[in-house]
Every structure is written in structure tokens, then in C-alpha cells.
$ cat coords30.cif   # mmCIF, N, CA and C atoms
data_entry
#
loop_
_atom_site.label_atom_id
_atom_site.label_comp_id
_atom_site.auth_asym_id
_atom_site.auth_seq_id
_atom_site.Cartn_x
_atom_site.Cartn_y
_atom_site.Cartn_z
N MET A 970 0.82 -1.19 0.00
CA MET A 970 0.00 0.00 0.00
C MET A 970 0.87 1.26 0.00
N ILE A 971 2.01 1.19 0.69
CA ILE A 971 2.87 2.37 0.73
C ILE A 971 3.45 2.67 -0.66
N TYR A 972 3.69 1.62 -1.45
CA TYR A 972 4.24 1.85 -2.79
C TYR A 972 3.21 2.52 -3.70
N LEU A 973 1.96 2.12 -3.56
CA LEU A 973 0.90 2.74 -4.34
C LEU A 973 0.74 4.21 -3.93
N SER A 974 0.76 4.47 -2.64
CA SER A 974 0.67 5.84 -2.15
C SER A 974 1.85 6.67 -2.64
N LEU A 975 3.03 6.10 -2.61
CA LEU A 975 4.23 6.81 -3.10
C LEU A 975 4.10 7.13 -4.57
N ALA A 976 3.66 6.17 -5.37
CA ALA A 976 3.52 6.38 -6.81
C ALA A 976 2.47 7.45 -7.10
N ILE A 977 1.35 7.39 -6.42
CA ILE A 977 0.28 8.38 -6.64
C ILE A 977 0.76 9.77 -6.23
N ASN A 978 1.42 9.89 -5.09
CA ASN A 978 1.90 11.19 -4.63
C ASN A 978 2.93 11.78 -5.58
N CYS A 979 3.88 10.96 -6.02
CA CYS A 979 4.91 11.45 -6.95
C CYS A 979 4.29 11.88 -8.27
N LEU A 980 3.34 11.08 -8.77
CA LEU A 980 2.68 11.42 -10.03
C LEU A 980 1.86 12.71 -9.87
N LEU A 981 1.19 12.84 -8.76
CA LEU A 981 0.38 14.03 -8.51
C LEU A 981 1.25 15.29 -8.44
N PHE A 982 2.36 15.23 -7.71
CA PHE A 982 3.25 16.39 -7.64
C PHE A 982 3.89 16.68 -8.99
N PHE A 983 4.23 15.63 -9.74
CA PHE A 983 4.82 15.83 -11.06
C PHE A 983 3.84 16.57 -11.97
N VAL A 984 2.60 16.13 -11.97
CA VAL A 984 1.60 16.76 -12.84
C VAL A 984 1.30 18.18 -12.38
N LEU A 985 1.13 18.38 -11.07
CA LEU A 985 0.80 19.72 -10.58
C LEU A 985 1.92 20.74 -10.83
N LEU A 986 3.15 20.32 -10.66
CA LEU A 986 4.25 21.26 -10.81
C LEU A 986 4.69 21.46 -12.26
N ASN A 987 4.32 20.54 -13.15
CA ASN A 987 4.78 20.63 -14.53
C ASN A 987 3.66 20.82 -15.54
N LEU A 988 2.44 21.02 -15.09
CA LEU A 988 1.31 21.13 -16.00
C LEU A 988 1.45 22.35 -16.92
N SER A 989 1.77 23.49 -16.37
CA SER A 989 1.91 24.69 -17.22
C SER A 989 3.09 24.55 -18.17
N TYR A 990 4.16 23.92 -17.70
CA TYR A 990 5.32 23.72 -18.57
C TYR A 990 4.95 22.81 -19.74
N ILE A 991 4.22 21.76 -19.47
CA ILE A 991 3.82 20.83 -20.54
C ILE A 991 2.91 21.53 -21.53
N LYS A 992 1.97 22.35 -21.04
CA LYS A 992 1.08 23.10 -21.94
C LYS A 992 1.88 24.07 -22.81
N ASN A 993 2.79 24.81 -22.20
CA ASN A 993 3.60 25.76 -22.96
C ASN A 993 4.49 25.05 -23.97
N ARG A 994 5.02 23.92 -23.60
CA ARG A 994 5.91 23.16 -24.49
C ARG A 994 5.14 22.60 -25.69
N ARG A 995 3.89 22.18 -25.46
CA ARG A 995 3.07 21.68 -26.58
C ARG A 995 2.67 22.82 -27.51
N ALA A 996 2.37 23.97 -26.95
CA ALA A 996 1.96 25.10 -27.77
C ALA A 996 3.13 25.68 -28.56
N ASP A 997 4.29 25.72 -27.95
CA ASP A 997 5.47 26.30 -28.59
C ASP A 997 6.64 25.33 -28.43
N PRO A 998 6.99 24.58 -29.45
CA PRO A 998 8.11 23.63 -29.33
C PRO A 998 9.46 24.29 -29.06
N ASP A 999 9.57 25.58 -29.33
CA ASP A 999 10.82 26.30 -29.06
C ASP A 999 10.89 26.85 -27.65
N TYR A 1000 9.91 26.53 -26.83
CA TYR A 1000 9.90 26.97 -25.43
C TYR A 1000 11.12 26.38 -24.73
N PRO A 1001 11.84 27.18 -23.92
CA PRO A 1001 13.08 26.66 -23.31
C PRO A 1001 12.80 25.46 -22.39
N GLU A 1002 13.75 24.55 -22.41
CA GLU A 1002 13.60 23.34 -21.60
C GLU A 1002 13.79 23.67 -20.12
N LYS A 1003 13.07 22.92 -19.30
CA LYS A 1003 13.16 23.07 -17.85
C LYS A 1003 14.31 22.19 -17.37
N PRO A 1004 15.11 22.64 -16.40
CA PRO A 1004 16.19 21.79 -15.89
C PRO A 1004 15.64 20.49 -15.29
N PHE A 1005 16.43 19.43 -15.40
CA PHE A 1005 16.02 18.10 -14.92
C PHE A 1005 15.69 18.13 -13.44
N SER A 1006 16.45 18.92 -12.68
CA SER A 1006 16.20 18.97 -11.24
C SER A 1006 14.82 19.56 -10.93
N LYS A 1007 14.39 20.55 -11.69
CA LYS A 1007 13.08 21.14 -11.47
C LYS A 1007 11.97 20.32 -12.12
N LEU A 1008 12.30 19.61 -13.18
CA LEU A 1008 11.30 18.84 -13.91
C LEU A 1008 10.96 17.53 -13.20
N VAL A 1009 11.98 16.83 -12.72
CA VAL A 1009 11.75 15.48 -12.17
C VAL A 1009 12.13 15.37 -10.70
N VAL A 1010 13.30 15.86 -10.33
CA VAL A 1010 13.83 15.62 -8.98
C VAL A 1010 12.98 16.32 -7.91
N PHE A 1011 12.61 17.57 -8.13
CA PHE A 1011 11.84 18.30 -7.12
C PHE A 1011 10.46 17.67 -6.87
N PRO A 1012 9.67 17.35 -7.93
CA PRO A 1012 8.39 16.68 -7.65
C PRO A 1012 8.56 15.30 -7.02
N LEU A 1013 9.60 14.58 -7.41
CA LEU A 1013 9.86 13.27 -6.82
C LEU A 1013 10.19 13.40 -5.34
N THR A 1014 11.00 14.38 -5.00
CA THR A 1014 11.35 14.62 -3.60
C THR A 1014 10.13 15.02 -2.78
N LEU A 1015 9.30 15.90 -3.33
CA LEU A 1015 8.08 16.29 -2.62
C LEU A 1015 7.15 15.10 -2.42
N GLY A 1016 7.02 14.24 -3.41
CA GLY A 1016 6.18 13.06 -3.29
C GLY A 1016 6.68 12.11 -2.21
N ILE A 1017 8.00 11.91 -2.16
CA ILE A 1017 8.58 11.03 -1.14
C ILE A 1017 8.38 11.62 0.25
N LEU A 1018 8.65 12.92 0.41
CA LEU A 1018 8.49 13.56 1.71
C LEU A 1018 7.03 13.56 2.18
N PHE A 1019 6.11 13.81 1.26
CA PHE A 1019 4.70 13.80 1.61
C PHE A 1019 4.25 12.40 2.04
N THR A 1020 4.72 11.38 1.33
CA THR A 1020 4.36 10.00 1.69
C THR A 1020 4.91 9.64 3.05
N ILE A 1021 6.16 9.99 3.31
CA ILE A 1021 6.77 9.69 4.62
C ILE A 1021 6.03 10.43 5.72
N LEU A 1022 5.72 11.70 5.50
CA LEU A 1022 5.01 12.49 6.50
C LEU A 1022 3.64 11.90 6.81
N MET A 1023 2.90 11.51 5.79
CA MET A 1023 1.57 10.95 6.02
C MET A 1023 1.65 9.60 6.73
N ASP A 1024 2.65 8.78 6.41
CA ASP A 1024 2.79 7.49 7.10
C ASP A 1024 3.19 7.69 8.55
N VAL A 1025 4.01 8.68 8.82
CA VAL A 1025 4.37 8.99 10.21
C VAL A 1025 3.14 9.45 10.98
N MET A 1026 2.31 10.28 10.35
CA MET A 1026 1.09 10.74 11.02
C MET A 1026 0.14 9.59 11.29
N LYS A 1027 0.04 8.65 10.34
CA LYS A 1027 -0.81 7.48 10.56
C LYS A 1027 -0.27 6.66 11.72
N GLY A 1028 1.04 6.50 11.78
CA GLY A 1028 1.66 5.75 12.87
C GLY A 1028 1.46 6.43 14.21
N LEU A 1029 1.63 7.76 14.24
CA LEU A 1029 1.42 8.49 15.49
C LEU A 1029 -0.03 8.39 15.95
N MET A 1030 -0.95 8.45 15.01
CA MET A 1030 -2.35 8.33 15.38
C MET A 1030 -2.64 6.94 15.94
N PHE A 1031 -2.06 5.92 15.36
CA PHE A 1031 -2.24 4.55 15.85
C PHE A 1031 -1.71 4.42 17.27
N TYR A 1032 -0.52 4.97 17.52
CA TYR A 1032 0.06 4.90 18.87
C TYR A 1032 -0.75 5.73 19.86
N GLN A 1033 -1.30 6.85 19.44
CA GLN A 1033 -2.13 7.65 20.32
C GLN A 1033 -3.40 6.89 20.71
N ILE A 1034 -3.96 6.17 19.77
CA ILE A 1034 -5.15 5.37 20.08
C ILE A 1034 -4.79 4.27 21.08
N LEU A 1035 -3.65 3.63 20.88
CA LEU A 1035 -3.22 2.60 21.83
C LEU A 1035 -2.98 3.17 23.23
N ILE A 1036 -2.35 4.33 23.30
CA ILE A 1036 -2.11 4.97 24.60
C ILE A 1036 -3.42 5.36 25.25
N PHE A 1037 -4.38 5.86 24.47
CA PHE A 1037 -5.68 6.22 25.00
C PHE A 1037 -6.40 4.99 25.57
N ILE A 1038 -6.37 3.89 24.85
CA ILE A 1038 -7.02 2.66 25.32
C ILE A 1038 -6.35 2.17 26.60
N PHE A 1039 -5.03 2.21 26.65
CA PHE A 1039 -4.31 1.77 27.84
C PHE A 1039 -4.64 2.66 29.04
N SER A 1040 -4.64 3.98 28.82
CA SER A 1040 -4.94 4.88 29.94
C SER A 1040 -6.40 4.76 30.38
N ALA A 1041 -7.32 4.54 29.43
CA ALA A 1041 -8.72 4.35 29.81
C ALA A 1041 -8.90 3.07 30.62
N ALA A 1042 -8.21 2.01 30.24
CA ALA A 1042 -8.28 0.76 31.00
C ALA A 1042 -7.68 0.94 32.39
N LEU A 1043 -6.59 1.67 32.49
CA LEU A 1043 -5.95 1.93 33.78
C LEU A 1043 -6.86 2.76 34.70
N LEU A 1044 -7.46 3.79 34.15
CA LEU A 1044 -8.40 4.59 34.93
C LEU A 1044 -9.61 3.78 35.36
N TYR A 1045 -10.10 2.91 34.50
CA TYR A 1045 -11.21 2.04 34.86
C TYR A 1045 -10.83 1.14 36.04
N LEU A 1046 -9.63 0.59 35.97
CA LEU A 1046 -9.17 -0.27 37.07
C LEU A 1046 -9.08 0.53 38.38
N PHE A 1047 -8.53 1.71 38.34
CA PHE A 1047 -8.36 2.51 39.55
C PHE A 1047 -9.71 2.92 40.15
N PHE A 1048 -10.64 3.37 39.33
CA PHE A 1048 -11.85 3.94 39.88
C PHE A 1048 -12.97 2.93 40.10
N TYR A 1049 -13.01 1.86 39.36
CA TYR A 1049 -14.14 0.94 39.50
C TYR A 1049 -13.77 -0.42 40.10
N VAL A 1050 -12.63 -0.93 39.74
CA VAL A 1050 -12.26 -2.26 40.24
C VAL A 1050 -11.64 -2.17 41.62
N PHE A 1051 -10.65 -1.28 41.79
CA PHE A 1051 -9.96 -1.19 43.06
C PHE A 1051 -10.80 -0.49 44.14
N ASN A 1052 -11.73 0.35 43.75
CA ASN A 1052 -12.59 1.04 44.69
C ASN A 1052 -13.97 0.37 44.73
N GLY A 1053 -13.97 -0.92 44.73
CA GLY A 1053 -15.23 -1.66 44.72
C GLY A 1053 -16.12 -1.27 45.87
N LYS A 1054 -17.28 -1.86 45.91
CA LYS A 1054 -18.24 -1.52 46.97
C LYS A 1054 -17.68 -1.85 48.33
N LYS A 1055 -17.81 -0.90 49.24
CA LYS A 1055 -17.27 -1.08 50.58
C LYS A 1055 -18.38 -1.31 51.57
#
$ encode --input "coords30.cif" --output "C-alpha cells"
Amino acid sequence: MIYLSLAINCLLFFVLLNLSYIKNRRADPDYPEKPFSKLVVFPLTLGILFTILMDVMKGLMFYQILIFIFSAALLYLFFYVFNGKK
């Protein structure tokens, strides 16, 4: 799933950042070429960083849910089990 997300993100950034260049290049073949770093490397880097950032956020959210469940169970034990009817 991460590979599909990476491919989609890289493709999306490539299209978004190069759409006007592609249109101008089709309309005028003598339009100056874009450097390789701006054409391919920059969108690829943004796609990789965005994918890593989103996966980290998903992981942090998963761990936060686990911590919440653990703390809720601990509070339940303290207030209801250990303080049983006296």
C-alpha cells in the first residue's frame, strides 16, 4: 500500500508542478527546456516527503489510540475495580 501511495503522490506532484510547462511546451516547441532537477527531482522529492510524512502521522495516530485505550483501562481499574463496593 505504501508503494501505491508513493507512486500516486509522486505522479500528482509531477503533474501539478509541470502542467503549465507541458502546456507551454506543446503550444510552442521552441519553449526553453526546464532543468532536470526542477522537472523530475523536485516533484519526486516532494512526493517522497509527503508520503513519509503521512505514514508517520498514521503511525502516530495509531500509537495515540493505543495509549488512550491503555490509559482508559488503567483509569477504569483505579476507579471501579480497586474502589469496589465497601
$ closest_residue --input "coords30.cif" --among "A:Ile1017, A:Leu1022, A:Val1050, A:Leu988" --to "A:Ala976" --atoms "all atoms listed in the file"
A:Ile1017
$ closest_residue --input "coords30.cif" --among "A:Leu986, A:Asn978, A:Gln1033, A:Leu973" --to "A:Phe1019" --atoms "only N, CA and C atoms"
A:Asn978
$ atom_distance --input "coords30.cif" --atom1 "atom C of A:Phe1011" --atom2 "atom CA of A:Cys979"
8.3 Å
$ closest_residue --input "coords30.cif" --among "A:Phe983, A:Phe1048, A:Leu1029, A:Met970" --to "A:Ser1006" --atoms "only C-alpha atoms"
A:Phe983
$ residues_around --input "coords30.cif" --residues "A:Phe982" --least-positions-apart "6" --cutoff "6.5 Å" --atoms "all atoms listed in the file" --output "ChimeraX atom specification"
/A:1012-1013,1016
$ select_by_dssp --input "coords30.cif" --residues "chain A" --states "alpha helix (DSSP H)" --output "ChimeraX atom specification"
/A:971-996,1005,1011-1045
$ atom_distance --input "coords30.cif" --atom1 "atom CA of A:Ser974" --atom2 "atom CA of A:Thr1014"
13.9 Å
$ atom_distance --input "coords30.cif" --atom1 "atom N of A:Thr1020" --atom2 "atom N of A:Pro1004"
23.4 Å
$ decode --input "coords30.cif" --residues "stretch 971-988 of chain A" --atoms "N, CA and C atoms" --output "PDB file, in the first residue's frame"
ATOM      1  N   ILE A 971       2.008   1.188   0.685  1.00  0.00           N
ATOM      2  CA  ILE A 971       2.874   2.370   0.726  1.00  0.00           C
ATOM      3  C   ILE A 971       3.450   2.668  -0.660  1.00  0.00           C
ATOM      4  N   TYR A 972       3.693   1.625  -1.448  1.00  0.00           N
ATOM      5  CA  TYR A 972       4.238   1.853  -2.786  1.00  0.00           C
ATOM      6  C   TYR A 972       3.211   2.516  -3.698  1.00  0.00           C
ATOM      7  N   LEU A 973       1.962   2.117  -3.561  1.00  0.00           N
ATOM      8  CA  LEU A 973       0.899   2.742  -4.341  1.00  0.00           C
ATOM      9  C   LEU A 973       0.738   4.207  -3.930  1.00  0.00           C
ATOM     10  N   SER A 974       0.764   4.467  -2.641  1.00  0.00           N
ATOM     11  CA  SER A 974       0.673   5.837  -2.145  1.00  0.00           C
ATOM     12  C   SER A 974       1.848   6.673  -2.641  1.00  0.00           C
ATOM     13  N   LEU A 975       3.034   6.100  -2.612  1.00  0.00           N
ATOM     14  CA  LEU A 975       4.225   6.808  -3.101  1.00  0.00           C
ATOM     15  C   LEU A 975       4.098   7.130  -4.574  1.00  0.00           C
ATOM     16  N   ALA A 976       3.661   6.170  -5.365  1.00  0.00           N
ATOM     17  CA  ALA A 976       3.517   6.385  -6.809  1.00  0.00           C
ATOM     18  C   ALA A 976       2.469   7.455  -7.101  1.00  0.00           C
ATOM     19  N   ILE A 977       1.347   7.392  -6.416  1.00  0.00           N
ATOM     20  CA  ILE A 977       0.284   8.383  -6.640  1.00  0.00           C
ATOM     21  C   ILE A 977       0.756   9.774  -6.234  1.00  0.00           C
ATOM     22  N   ASN A 978       1.415   9.887  -5.086  1.00  0.00           N
ATOM     23  CA  ASN A 978       1.896  11.195  -4.628  1.00  0.00           C
ATOM     24  C   ASN A 978       2.933  11.778  -5.575  1.00  0.00           C
ATOM     25  N   CYS A 979       3.880  10.957  -6.019  1.00  0.00           N
ATOM     26  CA  CYS A 979       4.906  11.452  -6.949  1.00  0.00           C
ATOM     27  C   CYS A 979       4.287  11.881  -8.273  1.00  0.00           C
ATOM     28  N   LEU A 980       3.344  11.080  -8.775  1.00  0.00           N
ATOM     29  CA  LEU A 980       2.676  11.422 -10.026  1.00  0.00           C
ATOM     30  C   LEU A 980       1.864  12.707  -9.875  1.00  0.00           C
ATOM     31  N   LEU A 981       1.187  12.844  -8.761  1.00  0.00           N
ATOM     32  CA  LEU A 981       0.379  14.033  -8.506  1.00  0.00           C
ATOM     33  C   LEU A 981       1.251  15.294  -8.443  1.00  0.00           C
ATOM     34  N   PHE A 982       2.358  15.228  -7.709  1.00  0.00           N
ATOM     35  CA  PHE A 982       3.252  16.387  -7.638  1.00  0.00           C
ATOM     36  C   PHE A 982       3.888  16.675  -8.993  1.00  0.00           C
ATOM     37  N   PHE A 983       4.233  15.635  -9.738  1.00  0.00           N
ATOM     38  CA  PHE A 983       4.818  15.834 -11.060  1.00  0.00           C
ATOM     39  C   PHE A 983       3.839  16.575 -11.972  1.00  0.00           C
ATOM     40  N   VAL A 984       2.597  16.126 -11.975  1.00  0.00           N
ATOM     41  CA  VAL A 984       1.599  16.763 -12.837  1.00  0.00           C
ATOM     42  C   VAL A 984       1.304  18.184 -12.377  1.00  0.00           C
ATOM     43  N   LEU A 985       1.133  18.384 -11.072  1.00  0.00           N
ATOM     44  CA  LEU A 985       0.804  19.724 -10.579  1.00  0.00           C
ATOM     45  C   LEU A 985       1.915  20.742 -10.832  1.00  0.00           C
ATOM     46  N   LEU A 986       3.145  20.321 -10.661  1.00  0.00           N
ATOM     47  CA  LEU A 986       4.252  21.264 -10.812  1.00  0.00           C
ATOM     48  C   LEU A 986       4.690  21.457 -12.261  1.00  0.00           C
ATOM     49  N   ASN A 987       4.318  20.545 -13.149  1.00  0.00           N
ATOM     50  CA  ASN A 987       4.777  20.633 -14.532  1.00  0.00           C
ATOM     51  C   ASN A 987       3.656  20.819 -15.542  1.00  0.00           C
ATOM     52  N   LEU A 988       2.441  21.021 -15.088  1.00  0.00           N
ATOM     53  CA  LEU A 988       1.311  21.134 -16.004  1.00  0.00           C
ATOM     54  C   LEU A 988       1.446  22.346 -16.923  1.00  0.00           C
TER      55      LEU A 988
END
